[in-house]
file final_18.txt (compact mmCIF, C-alpha atoms)
# COMPACT_ATOMS: atom_id res chain seq x y z
CA GLN A 11 67.21 23.42 89.75
CA LYS A 12 65.23 20.77 87.95
CA GLU A 13 66.77 17.34 88.51
CA VAL A 14 66.48 13.77 87.37
CA GLU A 15 68.15 11.23 89.65
CA GLN A 16 69.27 7.73 88.81
CA ASN A 17 71.43 5.23 90.62
CA SER A 18 74.67 5.08 88.63
CA GLY A 19 75.11 1.35 89.21
CA PRO A 20 76.42 -0.87 87.90
CA LEU A 21 73.32 -3.00 88.30
CA SER A 22 74.28 -6.60 87.72
CA VAL A 23 71.65 -9.26 86.97
CA PRO A 24 71.92 -12.83 85.66
CA GLU A 25 70.69 -13.69 82.19
CA GLY A 26 66.96 -14.37 82.19
CA ALA A 27 66.26 -12.29 85.31
CA ILE A 28 64.25 -9.09 85.59
CA ALA A 29 66.27 -5.88 85.65
CA SER A 30 64.62 -2.96 87.45
CA LEU A 31 65.85 0.55 86.74
CA ASN A 32 64.58 3.51 88.72
CA CYS A 33 64.41 7.25 88.27
CA THR A 34 63.07 10.13 90.35
CA TYR A 35 62.43 13.66 89.19
CA SER A 36 61.94 16.95 90.98
CA ASP A 37 59.53 18.96 88.78
CA ARG A 38 55.86 18.10 89.40
CA GLY A 39 54.97 19.82 86.13
CA SER A 40 56.88 17.23 84.11
CA GLN A 41 54.84 16.02 81.18
CA SER A 42 56.51 13.13 79.39
CA PHE A 43 59.03 10.52 80.46
CA PHE A 44 61.49 8.64 78.31
CA TRP A 45 63.92 5.77 78.63
CA TYR A 46 66.95 5.68 76.36
CA ARG A 47 69.54 2.93 76.03
CA GLN A 48 73.13 3.93 75.32
CA TYR A 49 75.78 1.39 74.43
CA SER A 50 79.38 2.33 75.12
CA GLY A 51 80.66 4.70 72.45
CA LYS A 52 77.22 5.06 70.86
CA SER A 53 74.45 7.62 71.02
CA PRO A 54 71.24 7.25 73.06
CA GLU A 55 68.49 5.16 71.48
CA LEU A 56 64.86 5.64 72.51
CA ILE A 57 63.32 2.53 74.08
CA MET A 58 60.05 3.74 75.51
CA PHE A 59 58.08 6.78 76.55
CA ILE A 60 55.20 7.15 79.00
CA TYR A 61 53.05 10.09 79.98
CA SER A 62 50.15 8.61 82.00
CA ASN A 63 50.26 7.04 85.45
CA GLY A 64 50.49 3.28 85.40
CA ASP A 65 52.29 0.72 83.31
CA LYS A 66 53.13 0.62 79.64
CA GLU A 67 54.44 -2.57 78.10
CA ASP A 68 56.41 -3.08 74.89
CA GLY A 69 57.83 -6.54 74.38
CA ARG A 70 60.25 -7.32 77.22
CA PHE A 71 60.15 -3.72 78.46
CA THR A 72 57.67 -2.20 80.90
CA ALA A 73 57.72 1.44 81.91
CA GLN A 74 55.97 2.45 85.12
CA LEU A 75 55.01 5.99 86.09
CA ASN A 76 53.83 7.31 89.44
CA LYS A 77 53.42 11.07 89.24
CA ALA A 78 52.37 11.41 92.89
CA SER A 79 55.69 9.91 93.96
CA GLN A 80 57.57 11.52 91.07
CA TYR A 81 58.96 8.16 90.14
CA VAL A 82 59.43 6.36 86.85
CA SER A 83 60.92 2.92 86.34
CA LEU A 84 61.88 0.53 83.58
CA LEU A 85 61.60 -3.23 83.93
CA ILE A 86 63.42 -5.50 81.53
CA ARG A 87 62.14 -9.08 81.59
CA ASP A 88 64.23 -12.06 80.49
CA SER A 89 67.37 -9.91 80.50
CA GLN A 90 69.92 -10.73 77.83
CA PRO A 91 73.66 -9.94 77.68
CA SER A 92 72.81 -7.64 74.76
CA ASP A 93 70.80 -5.50 77.20
CA SER A 94 74.06 -4.54 78.92
CA ALA A 95 74.25 -0.77 78.44
CA THR A 96 73.65 2.52 80.22
CA TYR A 97 69.97 3.44 80.57
CA LEU A 98 69.10 7.11 80.60
CA CYS A 99 65.93 8.46 82.12
CA ALA A 100 64.70 11.69 80.53
CA VAL A 101 61.91 14.01 81.65
CA ARG A 102 60.26 16.61 79.45
CA LEU A 103 59.37 19.61 81.56
CA GLY A 104 57.40 21.46 78.91
CA GLY A 105 58.29 23.38 75.81
CA PHE A 106 61.61 22.18 74.47
CA LYS A 107 63.26 21.46 77.82
CA THR A 108 64.13 17.83 78.50
CA ILE A 109 66.32 16.92 81.48
CA PHE A 110 68.36 13.73 81.42
CA GLY A 111 69.61 11.66 84.30
CA ALA A 112 73.24 10.58 84.40
CA GLY A 113 72.21 7.00 83.63
CA THR A 114 72.33 3.57 85.25
CA ARG A 115 74.83 1.04 83.95
CA LEU A 116 73.28 -2.41 83.55
CA PHE A 117 75.36 -5.55 83.26
CA VAL A 118 73.65 -8.81 82.35
CA LYS A 119 75.78 -11.84 83.15
CA ALA A 120 75.60 -14.79 80.76
CA GLU B 27 70.98 3.46 61.60
CA THR B 28 69.05 6.56 62.63
CA GLY B 29 67.55 9.33 60.58
CA VAL B 30 69.96 11.82 62.12
CA THR B 31 73.51 12.02 60.79
CA GLN B 32 76.49 13.90 62.16
CA THR B 33 79.90 14.74 60.73
CA PRO B 34 82.66 14.45 61.54
CA ARG B 35 82.43 11.46 63.89
CA HIS B 36 85.77 12.30 65.49
CA LEU B 37 87.56 15.63 65.72
CA VAL B 38 90.84 16.61 67.31
CA MET B 39 91.59 20.30 67.41
CA GLY B 40 93.95 22.73 69.03
CA MET B 41 92.73 25.57 71.19
CA THR B 42 93.33 28.13 68.45
CA ASN B 43 91.55 26.23 65.68
CA LYS B 44 88.14 26.93 64.18
CA LYS B 45 86.00 23.98 63.20
CA SER B 46 82.35 23.18 62.62
CA LEU B 47 80.14 20.22 63.47
CA LYS B 48 77.33 19.35 61.10
CA CYS B 49 74.02 17.62 61.74
CA GLU B 50 71.33 16.60 59.27
CA GLN B 51 67.97 15.02 60.01
CA HIS B 52 65.88 13.06 57.53
CA LEU B 53 62.84 12.55 59.76
CA GLY B 54 60.74 15.54 58.75
CA HIS B 55 61.13 17.05 62.22
CA ASN B 56 61.03 20.76 62.87
CA ALA B 57 63.11 21.04 66.05
CA MET B 58 66.83 20.32 66.42
CA TYR B 59 69.05 20.20 69.47
CA TRP B 60 72.73 20.25 70.45
CA TYR B 61 73.75 18.37 73.59
CA LYS B 62 77.12 17.92 75.29
CA GLN B 63 77.85 14.59 76.99
CA SER B 64 80.86 14.40 79.29
CA ALA B 65 81.97 11.26 81.11
CA LYS B 66 79.68 10.26 83.99
CA LYS B 67 77.59 13.44 83.65
CA PRO B 68 74.05 13.90 82.37
CA LEU B 69 73.48 15.17 78.88
CA GLU B 70 73.65 18.95 78.91
CA LEU B 71 71.29 20.78 76.59
CA MET B 72 73.18 23.50 74.74
CA PHE B 73 70.87 24.89 72.07
CA VAL B 74 67.44 24.25 70.59
CA TYR B 75 66.12 25.45 67.25
CA SER B 76 62.50 25.25 66.20
CA LEU B 77 61.58 26.22 62.66
CA GLU B 78 65.07 27.66 62.30
CA GLU B 79 64.62 29.98 65.27
CA ARG B 80 66.75 29.53 68.39
CA VAL B 81 64.39 28.87 71.31
CA GLU B 82 66.82 27.67 73.99
CA ASN B 83 70.32 28.83 74.82
CA ASN B 84 71.52 27.33 78.07
CA SER B 85 74.29 29.70 79.16
CA VAL B 86 76.72 28.23 76.69
CA PRO B 87 80.07 30.05 76.27
CA SER B 88 80.32 32.19 73.17
CA ARG B 89 83.10 29.99 71.80
CA PHE B 90 80.21 27.73 70.71
CA SER B 91 78.09 29.28 67.98
CA PRO B 92 75.10 27.44 66.51
CA GLU B 93 73.57 27.92 63.09
CA CYS B 94 70.34 26.49 61.67
CA PRO B 95 69.91 27.41 58.00
CA ASN B 96 66.80 25.22 57.58
CA SER B 97 64.80 22.66 59.53
CA SER B 98 66.96 19.77 58.32
CA HIS B 99 70.43 21.13 59.04
CA LEU B 100 72.16 22.29 62.19
CA PHE B 101 75.74 23.41 62.69
CA LEU B 102 77.88 24.07 65.73
CA HIS B 103 80.79 26.38 65.03
CA LEU B 104 83.74 26.05 67.39
CA HIS B 105 86.56 28.49 68.06
CA THR B 106 89.22 28.96 70.74
CA LEU B 107 87.97 25.94 72.68
CA GLN B 108 89.38 24.77 75.99
CA PRO B 109 90.51 21.23 76.93
CA GLU B 110 87.45 20.91 79.21
CA ASP B 111 85.27 21.21 76.09
CA SER B 112 86.41 17.73 75.08
CA ALA B 113 83.24 15.61 75.07
CA LEU B 114 80.73 13.81 72.89
CA TYR B 115 78.53 16.32 71.07
CA LEU B 116 75.14 14.95 70.19
CA CYS B 117 72.58 16.32 67.79
CA ALA B 118 68.93 15.37 68.15
CA SER B 119 65.67 16.19 66.41
CA SER B 120 62.00 16.01 67.28
CA GLN B 121 58.66 17.42 66.35
CA ALA B 122 57.94 20.74 68.02
CA PRO B 123 55.93 20.63 71.27
CA GLY B 124 52.19 20.55 70.83
CA THR B 125 52.40 18.09 67.97
CA GLY B 126 52.80 14.85 69.92
CA ILE B 127 55.03 13.28 72.52
CA ASN B 128 58.07 15.03 71.02
CA GLU B 129 60.50 12.19 71.61
CA GLN B 130 63.99 13.08 70.51
CA PHE B 131 66.06 11.01 68.14
CA PHE B 132 69.82 11.28 68.37
CA GLY B 133 72.58 11.25 65.82
CA PRO B 134 75.74 9.17 66.36
CA GLY B 135 77.63 12.08 67.88
CA THR B 136 80.96 13.78 67.31
CA ARG B 137 83.75 12.82 69.71
CA LEU B 138 85.68 16.07 70.18
CA THR B 139 89.14 16.26 71.71
CA VAL B 140 90.68 19.66 72.38
CA LEU B 141 94.44 19.62 72.86

call {"tool": "encode", "arguments": {"input": "final_18.txt", "output": "structure tokens"}}
result
Amino acid sequence: QKEVEQNSGPLSVPEGAIASLNCTYSDRGSQSFFWYRQYSGKSPELIMFIYSNGDKEDGRFTAQLNKASQYVSLLIRDSQPSDSATYLCAVRLGGFKTIFGAGTRLFVKA
Amino acid sequence: ETGVTQTPRHLVMGMTNKKSLKCEQHLGHNAMYWYKQSAKKPLELMFVYSLEERVENNSVPSRFSPECPNSSHLFLHLHTLQPEDSALYLCASSQAPGTGINEQFFGPGTRLTVL
């Protein structure tokens, strides 16, 4: 059974702090890794993707991938109350199969 | 606003009803997906179509029947559903594998309630 694990949270951080969201996956053949943000009652929105080991930065967001440890993370710098949402980690195994984690709820306190 | 639209946004149906969910993508993608999202559970992939051909069918009960008449449209036909089928049904689209990263873009979803 291919799995993607995330801490369900809630993760609570003060405004302006760094929020760190983590994800582990079980399939070593996984090819691409995605972070989606989902506001309550809305659909998932793609934030970032990464497919090579290391860091990838986009504005306040940094995705980190460590394939040896089967670990992917998302850092949000200068967290804002508008970042409060559920963050879904998704792993593409190959072909059309993408497995999603259950998500981590983030709460940014003003 | 995304390039993937879904109708209806909300649906309440009885267990004996027949209804259909519709999805349309305006992104020029050639793969479309149906997912089920239940509370506090990961998204469950139901069906995948690529170039109008079904390529994934994840042990979904036969009371859910997909249809993909062309690469821009996807339907999910529902009949004799159960209360446990109540969930958010999400449509997504992407390019087919081998043509890039294949990130998926989601529609707004249909909130389905089965009475």

call {"tool": "interface_residues", "arguments": {"input": "final_18.txt", "of": "chain A", "to": "chain B", "cutoff": "12 Å", "atoms": "only C-alpha atoms", "output": "PyMOL selection string"}}
result
chain A and resi 13-19+41-62+96-115

call {"tool": "closest_residue", "arguments": {"input": "final_18.txt", "among": "A:Val118, A:Lys12, A:Pro20, A:Gln80", "to": "Cys33 in chain A", "atoms": "all atoms listed in the file"}}
result
A:Gln80

call {"tool": "closest_residue", "arguments": {"input": "final_18.txt", "among": "B:Arg80, B:His36, B:Lys48, B:Lys62", "to": "Ser98 in chain B", "atoms": "all atoms listed in the file"}}
result
B:Lys48

call {"tool": "atom_distance", "arguments": {"input": "final_18.txt", "atom1": "CA of Leu75 in chain A", "atom2": "CA of Gly26 in chain A"}}
result
23.9 Å

call {"tool": "atom_distance", "arguments": {"input": "final_18.txt", "atom1": "CA of Leu31 in chain A", "atom2": "CA of Ala73 in chain A"}}
result
9.5 Å

call {"tool": "residues_near_point", "arguments": {"input": "final_18.txt", "point": "(70.8, -13.4, 73.9)", "cutoff": "10 Å", "atoms": "all atoms listed in the file", "output": "PDB file with C-alpha atoms, keeping the file's coordinate frame"}}
result
ATOM      1  CA  GLU A  25      70.690 -13.690  82.190  1.00  0.00           C
ATOM      2  CA  GLY A  26      66.960 -14.370  82.190  1.00  0.00           C
ATOM      3  CA  ASP A  88      64.230 -12.060  80.490  1.00  0.00           C
ATOM      4  CA  SER A  89      67.370  -9.910  80.500  1.00  0.00           C
ATOM      5  CA  GLN A  90      69.920 -10.730  77.830  1.00  0.00           C
ATOM      6  CA  PRO A  91      73.660  -9.940  77.680  1.00  0.00           C
ATOM      7  CA  SER A  92      72.810  -7.640  74.760  1.00  0.00           C
ATOM      8  CA  ASP A  93      70.800  -5.500  77.200  1.00  0.00           C
ATOM      9  CA  ALA A 120      75.600 -14.790  80.760  1.00  0.00           C
TER      10      ALA A 120
END

call {"tool": "atom_distance", "arguments": {"input": "final_18.txt", "atom1": "CA of Leu53 in chain B", "atom2": "CA of Thr31 in chain B"}}
result
10.7 Å

call {"tool": "closest_residue", "arguments": {"input": "final_18.txt", "among": "A:Leu116, A:Ser22, A:Asn76, A:Gln11", "to": "Thr34 in chain A", "atoms": "all atoms listed in the file"}}
result
A:Asn76

call {"tool": "closest_residue", "arguments": {"input": "final_18.txt", "among": "B:Arg35, B:Leu100, B:Cys94, B:Glu110", "to": "Glu50 in chain B", "atoms": "all atoms listed in the file"}}
result
B:Leu100

call {"tool": "build_atoms", "arguments": {"input": "final_18.txt", "residues": "range 79-101 of chain B", "atoms": "N, CA and C atoms", "output": "PDB file, in the frame of the given file"}}
result
ATOM      1  N   GLU B  79      64.466  28.907  64.281  1.00  0.00           N
ATOM      2  CA  GLU B  79      64.620  29.980  65.270  1.00  0.00           C
ATOM      3  C   GLU B  79      65.151  29.403  66.572  1.00  0.00           C
ATOM      4  N   ARG B  80      66.187  30.039  67.149  1.00  0.00           N
ATOM      5  CA  ARG B  80      66.750  29.530  68.390  1.00  0.00           C
ATOM      6  C   ARG B  80      65.753  29.791  69.528  1.00  0.00           C
ATOM      7  N   VAL B  81      65.376  28.741  70.233  1.00  0.00           N
ATOM      8  CA  VAL B  81      64.390  28.870  71.310  1.00  0.00           C
ATOM      9  C   VAL B  81      64.972  28.550  72.676  1.00  0.00           C
ATOM     10  N   GLU B  82      66.160  27.945  72.727  1.00  0.00           N
ATOM     11  CA  GLU B  82      66.820  27.670  73.990  1.00  0.00           C
ATOM     12  C   GLU B  82      68.313  27.933  73.813  1.00  0.00           C
ATOM     13  N   ASN B  83      68.879  28.577  74.819  1.00  0.00           N
ATOM     14  CA  ASN B  83      70.320  28.830  74.820  1.00  0.00           C
ATOM     15  C   ASN B  83      70.748  28.754  76.276  1.00  0.00           C
ATOM     16  N   ASN B  84      71.301  27.609  76.650  1.00  0.00           N
ATOM     17  CA  ASN B  84      71.520  27.330  78.070  1.00  0.00           C
ATOM     18  C   ASN B  84      72.859  27.814  78.581  1.00  0.00           C
ATOM     19  N   SER B  85      73.072  29.116  78.580  1.00  0.00           N
ATOM     20  CA  SER B  85      74.290  29.700  79.160  1.00  0.00           C
ATOM     21  C   SER B  85      75.544  29.049  78.618  1.00  0.00           C
ATOM     22  N   VAL B  86      75.571  28.866  77.332  1.00  0.00           N
ATOM     23  CA  VAL B  86      76.720  28.230  76.690  1.00  0.00           C
ATOM     24  C   VAL B  86      77.748  29.312  76.353  1.00  0.00           C
ATOM     25  N   PRO B  87      79.045  29.042  76.606  1.00  0.00           N
ATOM     26  CA  PRO B  87      80.070  30.050  76.270  1.00  0.00           C
ATOM     27  C   PRO B  87      80.036  30.436  74.802  1.00  0.00           C
ATOM     28  N   SER B  88      80.423  31.659  74.524  1.00  0.00           N
ATOM     29  CA  SER B  88      80.320  32.190  73.170  1.00  0.00           C
ATOM     30  C   SER B  88      81.291  31.525  72.191  1.00  0.00           C
ATOM     31  N   ARG B  89      82.204  30.716  72.697  1.00  0.00           N
ATOM     32  CA  ARG B  89      83.100  29.990  71.800  1.00  0.00           C
ATOM     33  C   ARG B  89      82.357  28.874  71.041  1.00  0.00           C
ATOM     34  N   PHE B  90      81.107  28.621  71.449  1.00  0.00           N
ATOM     35  CA  PHE B  90      80.210  27.730  70.710  1.00  0.00           C
ATOM     36  C   PHE B  90      79.152  28.581  70.035  1.00  0.00           C
ATOM     37  N   SER B  91      79.032  28.447  68.726  1.00  0.00           N
ATOM     38  CA  SER B  91      78.090  29.280  67.980  1.00  0.00           C
ATOM     39  C   SER B  91      77.244  28.392  67.073  1.00  0.00           C
ATOM     40  N   PRO B  92      75.938  28.296  67.341  1.00  0.00           N
ATOM     41  CA  PRO B  92      75.100  27.440  66.510  1.00  0.00           C
ATOM     42  C   PRO B  92      74.575  28.179  65.282  1.00  0.00           C
ATOM     43  N   GLU B  93      74.181  27.371  64.300  1.00  0.00           N
ATOM     44  CA  GLU B  93      73.570  27.920  63.090  1.00  0.00           C
ATOM     45  C   GLU B  93      72.569  26.909  62.566  1.00  0.00           C
ATOM     46  N   CYS B  94      71.381  27.381  62.204  1.00  0.00           N
ATOM     47  CA  CYS B  94      70.340  26.490  61.670  1.00  0.00           C
ATOM     48  C   CYS B  94      69.785  27.117  60.401  1.00  0.00           C
ATOM     49  N   PRO B  95      70.349  26.777  59.247  1.00  0.00           N
ATOM     50  CA  PRO B  95      69.910  27.410  58.000  1.00  0.00           C
ATOM     51  C   PRO B  95      68.535  26.943  57.524  1.00  0.00           C
ATOM     52  N   ASN B  96      68.134  25.727  57.918  1.00  0.00           N
ATOM     53  CA  ASN B  96      66.800  25.220  57.580  1.00  0.00           C
ATOM     54  C   ASN B  96      66.459  24.123  58.575  1.00  0.00           C
ATOM     55  N   SER B  97      65.270  23.593  58.490  1.00  0.00           N
ATOM     56  CA  SER B  97      64.800  22.660  59.530  1.00  0.00           C
ATOM     57  C   SER B  97      65.496  21.308  59.471  1.00  0.00           C
ATOM     58  N   SER B  98      66.286  21.047  58.434  1.00  0.00           N
ATOM     59  CA  SER B  98      66.960  19.770  58.320  1.00  0.00           C
ATOM     60  C   SER B  98      68.430  19.818  58.693  1.00  0.00           C
ATOM     61  N   HIS B  99      68.998  20.991  58.817  1.00  0.00           N
ATOM     62  CA  HIS B  99      70.430  21.130  59.040  1.00  0.00           C
ATOM     63  C   HIS B  99      70.717  21.990  60.260  1.00  0.00           C
ATOM     64  N   LEU B 100      71.738  21.571  60.988  1.00  0.00           N
ATOM     65  CA  LEU B 100      72.160  22.290  62.190  1.00  0.00           C
ATOM     66  C   LEU B 100      73.676  22.219  62.259  1.00  0.00           C
ATOM     67  N   PHE B 101      74.293  23.346  62.571  1.00  0.00           N
ATOM     68  CA  PHE B 101      75.740  23.410  62.690  1.00  0.00           C
ATOM     69  C   PHE B 101      76.107  23.904  64.087  1.00  0.00           C
TER      70      PHE B 101
END
